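See below for the structure under consideration.
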Number of protein chains: 2
Amino acid sequence: MEQRPTLKTIHRAHQRIRPYIHHTPVLTCSTINTLIGSQLFFKCENFQKTGSFKMRGASNATITLESSQAKYGVITHSSGNHGAALSLAARNLGISTSVVMPSNTPAIKQAAVNGYGGNIVFCEPTLDDREKTANKVQQETGATMIHPYNNYRMIEGHGTALVELLDEVANLEIIMAPIGGGGLLSGTLIAAKSLRGNIRVVGVEPVEADDAYRSWQAGKLLAPEESNTIADGLRTSLGNKTFPIIRELVDSIVLTSERAIYKAMRLVMDHMKIVIEPSAAVPLAALLEKRIDVSDRRVGIILSGGNVDLNTLPILGTKPD
Amino acid sequence: MEQRPTLKTIHRAHQRIRPYIHHTPVLTCSTINTLIGSQLFFKCENFQKTGSFKMRGASNATITLESSQAKYGVITHSSGNHGAALSLAARNLGISTSVVMPSNTPAIKQAAVNGYGGNIVFCEPTLDDREKTANKVQQETGATMIHPYNNYRMIEGHGTALVELLDEVANLEIIMAPIGGGGLLSGTLIAAKSLRGNIRVVGVEPVEADDAYRSWQAGKLLAPEESNTIADGLRTSLGNKTFPIIRELVDSIVLTSERAIYKAMRLVMDHMKIVIEPSAAVPLAALLEKRIDVSDRRVGIILSGGNVDLNTLPILGTKPD
């Protein structure tokens, strides 16, 4: 049976992926610190290659492929950050990537995958046809499916962001990360709890996509519900590899509203002068709503990505109410 | 007669202001490098305190006040980046700031000045009443007028950004900076030409606010025309302290279109994941339009600021044509 990631395998992943990723900066903002009443340290994975932390896991997952597998390429049906990251991670190694996506996928996401050298395979915009198409391509090409989060190599790679953060910032007391499929939070939990036994790790989800929260409360993996949260990276639900790690190690999962996500995103753009995607704004959103008490604490927050279509995002044209 | 700034006075300014400013990072972007066909190094003054390079000059101008002057405070009628920077620079030293601004000044600019502790004095929205009001406040309070750019202490302070850039990035061949009142370009020119005699320095202006270009061509300071360029920080015209420095030292002044400014700004936000104001996008805009040949060159670009009202900027809601 496949071994769960450990600090040791995360460290090994870090060695492997280092030539292919950015060591991203940690930024602080005195205005936001004053507003929240604590010291926040933002790990800027929005500056990561391909614009999100996914490059860490995707690099690890492709580098660790056997050459007998790698020659047939990799495949995914994530048209978002994972599709872009996998395309570049594979291209860095001379491996081809197929990304199955519905024909109605926004042009900006198609362009990202294309730009990083991925081959787009269009399908009908149904879950059924997406899987059917992916299976067909796999049978034809022999490509290896790289799951966006329910994959230990992805989780290990994602954990490296936290290793860098703890290495750079002393005495962090609380770590916050958004939860989509749980890959980032799982890697974060293993790294954080192994390196600093007494650090608290809090996962944050939109109220509108609260499957991890409900599963955590219930103590079992619940079926997802459809979600339209603006934090589009967090619409996915936990998998059978991420849920056990989260259930065992997480200190708390808190929820936050769509309105606070808008507000947090604008706060970061206005005061830190950096572009983040809605999913990355979710932990700060929870702090704005006081969903967790961090008064006077030193808090590390993973800004998971910066891929947002500035043309379509309502926040930038109008103030939400 | 007051001495023009030199590399020596810029270095002294740097020592003075260091406790009050950020040493801003230099960022690069492989996507933009490929697009332009050269290596661009962006000095990120959008991350500077108060969100623009003005904090450098304003800090130097306030620190160098005699205490007999400082006790009566400082005054300006710039409601933009200079007003905000002067407010904070003065507050850092316990000096009070009055900022005269028209009653119809956008709320976001009022909030910035207020947030940094400046006292707003409203006037009618005419140039005449603005000056009259400023004179009145000066007479009542004894405050010292700190001009946004036609002031050698401001110019010296602004030159420190270039010192940091040349210190960090080796073998730069071309430096580009936007031109508003010419303070940033003047300080940049003195620092660059003193430190690296053979470096080329290019100033960039919007076609819609081309007073520096016309003055440079004519060899004399021409009267400004009204401008509505989106690069609102560049609507001002050169002064009698900045024009002689620019005329003597600049290698070239080039112009760029409004459309290219929009495009450059979006390019930076989309690919570098940082927020810049339109004025800061002007040098890259000129490169997009090939207004100057930088093929295979190492180019330093000063991203002058990041203060932009994301709610009102048309670029973010619609694509300009």
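Going by the structure tokens order, chains are called A, B, ..., each with residues numbered from 1, while ligands are numbered from 1 in the order shown.
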
Dump as a count of residues only the residues of chain A that approach chain B to within 12 Å, counting only C-alpha atoms.
52

Polymer residues at most 10 Å from Leu189 in chain A, only C-alpha atoms, same-chain spacing of 2 or more positions, as a PyMOL selection string:
chain A and resi 7+159+162+175-177+183-187+191-195+199-203+245-246+248-251

Create the file for the chosen residues now, containing N, CA and C atoms and written as a PDB file, in the first residue's frame.
```
ATOM      1  N   LEU A   7       7.235  14.229   6.703  1.00  0.00           N
ATOM      2  CA  LEU A   7       8.142  15.365   6.566  1.00  0.00           C
ATOM      3  C   LEU A   7       9.338  14.992   5.700  1.00  0.00           C
ATOM      4  N   GLY A 159       3.311  20.557   0.279  1.00  0.00           N
ATOM      5  CA  GLY A 159       3.827  20.777   1.632  1.00  0.00           C
ATOM      6  C   GLY A 159       5.099  21.611   1.674  1.00  0.00           C
ATOM      7  N   LEU A 162       5.017  25.328   2.947  1.00  0.00           N
ATOM      8  CA  LEU A 162       5.022  25.549   4.393  1.00  0.00           C
ATOM      9  C   LEU A 162       6.426  25.401   4.972  1.00  0.00           C
ATOM     10  N   ILE A 175      -1.296  28.687  11.394  1.00  0.00           N
ATOM     11  CA  ILE A 175      -1.178  28.630   9.937  1.00  0.00           C
ATOM     12  C   ILE A 175      -2.582  28.506   9.362  1.00  0.00           C
ATOM     13  N   MET A 176      -2.858  29.266   8.303  1.00  0.00           N
ATOM     14  CA  MET A 176      -4.178  29.175   7.664  1.00  0.00           C
ATOM     15  C   MET A 176      -4.010  28.898   6.168  1.00  0.00           C
ATOM     16  N   ALA A 177      -4.829  27.995   5.673  1.00  0.00           N
ATOM     17  CA  ALA A 177      -4.794  27.669   4.246  1.00  0.00           C
ATOM     18  C   ALA A 177      -6.223  27.405   3.767  1.00  0.00           C
ATOM     19  N   GLY A 183      -5.564  19.141  -0.975  1.00  0.00           N
ATOM     20  CA  GLY A 183      -4.151  18.814  -1.226  1.00  0.00           C
ATOM     21  C   GLY A 183      -3.209  19.789  -0.551  1.00  0.00           C
ATOM     22  N   LEU A 184      -3.488  21.071  -0.690  1.00  0.00           N
ATOM     23  CA  LEU A 184      -2.632  22.081  -0.062  1.00  0.00           C
ATOM     24  C   LEU A 184      -2.692  21.951   1.453  1.00  0.00           C
ATOM     25  N   LEU A 185      -3.905  21.811   1.994  1.00  0.00           N
ATOM     26  CA  LEU A 185      -4.035  21.711   3.451  1.00  0.00           C
ATOM     27  C   LEU A 185      -3.358  20.436   3.968  1.00  0.00           C
ATOM     28  N   SER A 186      -3.486  19.330   3.252  1.00  0.00           N
ATOM     29  CA  SER A 186      -2.857  18.080   3.700  1.00  0.00           C
ATOM     30  C   SER A 186      -1.345  18.216   3.775  1.00  0.00           C
ATOM     31  N   GLY A 187      -0.739  18.738   2.716  1.00  0.00           N
ATOM     32  CA  GLY A 187       0.717  18.926   2.718  1.00  0.00           C
ATOM     33  C   GLY A 187       1.140  19.903   3.799  1.00  0.00           C
ATOM     34  N   ALA A 191       3.632  18.985   7.067  1.00  0.00           N
ATOM     35  CA  ALA A 191       4.855  19.767   7.265  1.00  0.00           C
ATOM     36  C   ALA A 191       4.805  20.533   8.579  1.00  0.00           C
ATOM     37  N   ALA A 192       3.692  21.209   8.840  1.00  0.00           N
ATOM     38  CA  ALA A 192       3.596  22.074  10.015  1.00  0.00           C
ATOM     39  C   ALA A 192       3.666  21.268  11.304  1.00  0.00           C
ATOM     40  N   LYS A 193       2.885  20.198  11.376  1.00  0.00           N
ATOM     41  CA  LYS A 193       2.809  19.421  12.620  1.00  0.00           C
ATOM     42  C   LYS A 193       4.107  18.649  12.884  1.00  0.00           C
ATOM     43  N   SER A 194       4.825  18.299  11.814  1.00  0.00           N
ATOM     44  CA  SER A 194       6.099  17.598  12.009  1.00  0.00           C
ATOM     45  C   SER A 194       7.189  18.569  12.444  1.00  0.00           C
ATOM     46  N   LEU A 195       7.151  19.785  11.898  1.00  0.00           N
ATOM     47  CA  LEU A 195       8.214  20.744  12.194  1.00  0.00           C
ATOM     48  C   LEU A 195       7.979  21.480  13.503  1.00  0.00           C
ATOM     49  N   ILE A 199       2.084  24.108  16.725  1.00  0.00           N
ATOM     50  CA  ILE A 199       1.490  25.123  15.856  1.00  0.00           C
ATOM     51  C   ILE A 199       0.041  24.725  15.545  1.00  0.00           C
ATOM     52  N   ARG A 200      -0.843  25.725  15.472  1.00  0.00           N
ATOM     53  CA  ARG A 200      -2.242  25.426  15.117  1.00  0.00           C
ATOM     54  C   ARG A 200      -2.419  25.592  13.613  1.00  0.00           C
ATOM     55  N   VAL A 201      -3.128  24.674  12.992  1.00  0.00           N
ATOM     56  CA  VAL A 201      -3.390  24.781  11.553  1.00  0.00           C
ATOM     57  C   VAL A 201      -4.897  24.816  11.330  1.00  0.00           C
ATOM     58  N   VAL A 202      -5.330  25.865  10.639  1.00  0.00           N
ATOM     59  CA  VAL A 202      -6.759  26.085  10.427  1.00  0.00           C
ATOM     60  C   VAL A 202      -7.045  26.080   8.928  1.00  0.00           C
ATOM     61  N   GLY A 203      -7.963  25.247   8.519  1.00  0.00           N
ATOM     62  CA  GLY A 203      -8.412  25.243   7.125  1.00  0.00           C
ATOM     63  C   GLY A 203      -9.607  26.156   6.972  1.00  0.00           C
ATOM     64  N   ILE A 245      -6.008  12.615   6.284  1.00  0.00           N
ATOM     65  CA  ILE A 245      -4.933  13.475   6.802  1.00  0.00           C
ATOM     66  C   ILE A 245      -5.529  14.686   7.516  1.00  0.00           C
ATOM     67  N   ILE A 246      -6.519  15.283   6.880  1.00  0.00           N
ATOM     68  CA  ILE A 246      -7.142  16.475   7.458  1.00  0.00           C
ATOM     69  C   ILE A 246      -7.887  16.117   8.748  1.00  0.00           C
ATOM     70  N   GLU A 248      -7.340  13.806  10.817  1.00  0.00           N
ATOM     71  CA  GLU A 248      -6.417  13.485  11.908  1.00  0.00           C
ATOM     72  C   GLU A 248      -5.667  14.706  12.441  1.00  0.00           C
ATOM     73  N   LEU A 249      -5.261  15.607  11.547  1.00  0.00           N
ATOM     74  CA  LEU A 249      -4.289  16.631  11.950  1.00  0.00           C
ATOM     75  C   LEU A 249      -4.830  18.051  12.099  1.00  0.00           C
ATOM     76  N   VAL A 250      -5.937  18.372  11.447  1.00  0.00           N
ATOM     77  CA  VAL A 250      -6.352  19.778  11.447  1.00  0.00           C
ATOM     78  C   VAL A 250      -6.890  20.189  12.821  1.00  0.00           C
ATOM     79  N   ASP A 251      -6.600  21.413  13.226  1.00  0.00           N
ATOM     80  CA  ASP A 251      -7.113  21.900  14.504  1.00  0.00           C
ATOM     81  C   ASP A 251      -8.522  22.440  14.370  1.00  0.00           C
TER      82      ASP A 251
END
```

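Residue neighbourhood of Gly37 in chain B, excluding near-sequence residues (fewer than 5 positions): B:Val294, B:Ser295, B:Asp296, at 8 Å, using only C-alpha atoms.
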
Do you know which residues are at most 9 Å from Ala90 in chain A counting only C-alpha atoms, after dropping those on the same chain fewer than 4 positions away, and could you put them as an NGL selection string?
:A and (58-59 or 62-63 or 70 or 73-74 or 85-86 or 94-97 or 117-118)

Writer output for current selection, N, CA and C atoms, as an mmCIF file, in the first residue's frame:
```cif
data_model
loop_
_atom_site.group_PDB
_atom_site.id
_atom_site.type_symbol
_atom_site.label_atom_id
_atom_site.label_comp_id
_atom_site.auth_asym_id
_atom_site.auth_seq_id
_atom_site.Cartn_x
_atom_site.Cartn_y
_atom_site.Cartn_z
ATOM 1 N N ALA A 58 2.652 19.456 -8.920
ATOM 2 C CA ALA A 58 2.707 18.931 -10.292
ATOM 3 C C ALA A 58 4.148 18.611 -10.679
ATOM 4 N N SER A 59 5.097 19.425 -10.214
ATOM 5 C CA SER A 59 6.501 19.141 -10.512
ATOM 6 C C SER A 59 6.918 17.837 -9.843
ATOM 7 N N THR A 62 5.362 14.746 -11.580
ATOM 8 C CA THR A 62 5.916 14.375 -12.887
ATOM 9 C C THR A 62 7.350 13.869 -12.761
ATOM 10 N N ILE A 63 8.139 14.508 -11.872
ATOM 11 C CA ILE A 63 9.533 14.066 -11.730
ATOM 12 C C ILE A 63 9.599 12.627 -11.220
ATOM 13 N N ALA A 70 6.483 7.858 -18.075
ATOM 14 C CA ALA A 70 6.606 9.244 -18.511
ATOM 15 C C ALA A 70 6.553 9.367 -20.029
ATOM 16 N N GLY A 73 3.324 10.224 -21.556
ATOM 17 C CA GLY A 73 2.705 11.496 -21.215
ATOM 18 C C GLY A 73 1.804 11.426 -19.997
ATOM 19 N N VAL A 74 1.242 12.578 -19.627
ATOM 20 C CA VAL A 74 0.320 12.671 -18.493
ATOM 21 C C VAL A 74 -0.982 13.297 -18.957
ATOM 22 N N ALA A 85 -0.400 24.081 -14.375
ATOM 23 C CA ALA A 85 0.829 23.680 -13.678
ATOM 24 C C ALA A 85 1.355 22.353 -14.225
ATOM 25 N N LEU A 86 0.442 21.413 -14.442
ATOM 26 C CA LEU A 86 0.872 20.110 -14.956
ATOM 27 C C LEU A 86 1.495 20.266 -16.347
ATOM 28 N N GLY A 94 10.156 17.358 -20.652
ATOM 29 C CA GLY A 94 9.979 16.781 -21.981
ATOM 30 C C GLY A 94 8.846 15.771 -22.053
ATOM 31 N N ILE A 95 7.884 15.894 -21.123
ATOM 32 C CA ILE A 95 6.733 14.982 -21.086
ATOM 33 C C ILE A 95 5.525 15.715 -21.660
ATOM 34 N N SER A 96 4.714 15.043 -22.452
ATOM 35 C CA SER A 96 3.535 15.707 -23.030
ATOM 36 C C SER A 96 2.343 15.608 -22.083
ATOM 37 N N THR A 97 1.476 16.618 -22.140
ATOM 38 C CA THR A 97 0.305 16.684 -21.262
ATOM 39 C C THR A 97 -0.964 16.839 -22.083
ATOM 40 N N GLY A 117 2.148 24.716 -23.001
ATOM 41 C CA GLY A 117 2.476 23.569 -23.843
ATOM 42 C C GLY A 117 1.568 22.365 -23.681
ATOM 43 N N GLY A 118 0.470 22.493 -22.914
ATOM 44 C CA GLY A 118 -0.469 21.379 -22.778
ATOM 45 C C GLY A 118 -1.335 21.228 -24.028
#
```

Can you work out the spacing between CA of Pro5 in chain B and CA of Ile190 in chain B in Å, to one decimal?
7.5 Å

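Every protein or nucleic acid residue with an atom no more than 12 Å from Ser227 in chain A, counting only C-alpha atoms and leaving out same-chain residues fewer than 5 positions away, appears here: Gly180, Glu205, Pro206, Val207, Glu208, Ala209, Asp210, Asp211, Asp232, Gly233, Leu234, Arg235, Thr236, Ser237 and Glu258 of chain A.
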
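The gap separating CA of Gly80 in chain B from CA of Arg56 in chain B is 15.0 Å, in Å to one decimal.
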
Go through range 244-284 of chain A and collect every residue that DSSP, computed from the backbone, puts in strand (DSSP E); the answer should be as a ChimeraX atom specification.
/A:252-256

Selected residues written out with N, CA and C atoms, as a PDB file, in the first residue's frame:
```
ATOM      1  N   SER A 252      -8.802  23.031  13.234  1.00  0.00           N
ATOM      2  CA  SER A 252     -10.127  23.606  13.063  1.00  0.00           C
ATOM      3  C   SER A 252     -10.387  23.876  11.589  1.00  0.00           C
ATOM      4  N   ILE A 253     -11.636  23.817  11.203  1.00  0.00           N
ATOM      5  CA  ILE A 253     -12.044  24.266   9.867  1.00  0.00           C
ATOM      6  C   ILE A 253     -13.097  25.341  10.080  1.00  0.00           C
ATOM      7  N   VAL A 254     -12.895  26.498   9.475  1.00  0.00           N
ATOM      8  CA  VAL A 254     -13.875  27.572   9.622  1.00  0.00           C
ATOM      9  C   VAL A 254     -14.383  27.979   8.243  1.00  0.00           C
ATOM     10  N   LEU A 255     -15.518  28.643   8.244  1.00  0.00           N
ATOM     11  CA  LEU A 255     -16.190  29.021   6.999  1.00  0.00           C
ATOM     12  C   LEU A 255     -16.180  30.533   6.835  1.00  0.00           C
ATOM     13  N   THR A 256     -16.333  30.972   5.620  1.00  0.00           N
ATOM     14  CA  THR A 256     -16.401  32.416   5.402  1.00  0.00           C
ATOM     15  C   THR A 256     -17.349  32.734   4.250  1.00  0.00           C
TER      16      THR A 256
END
```
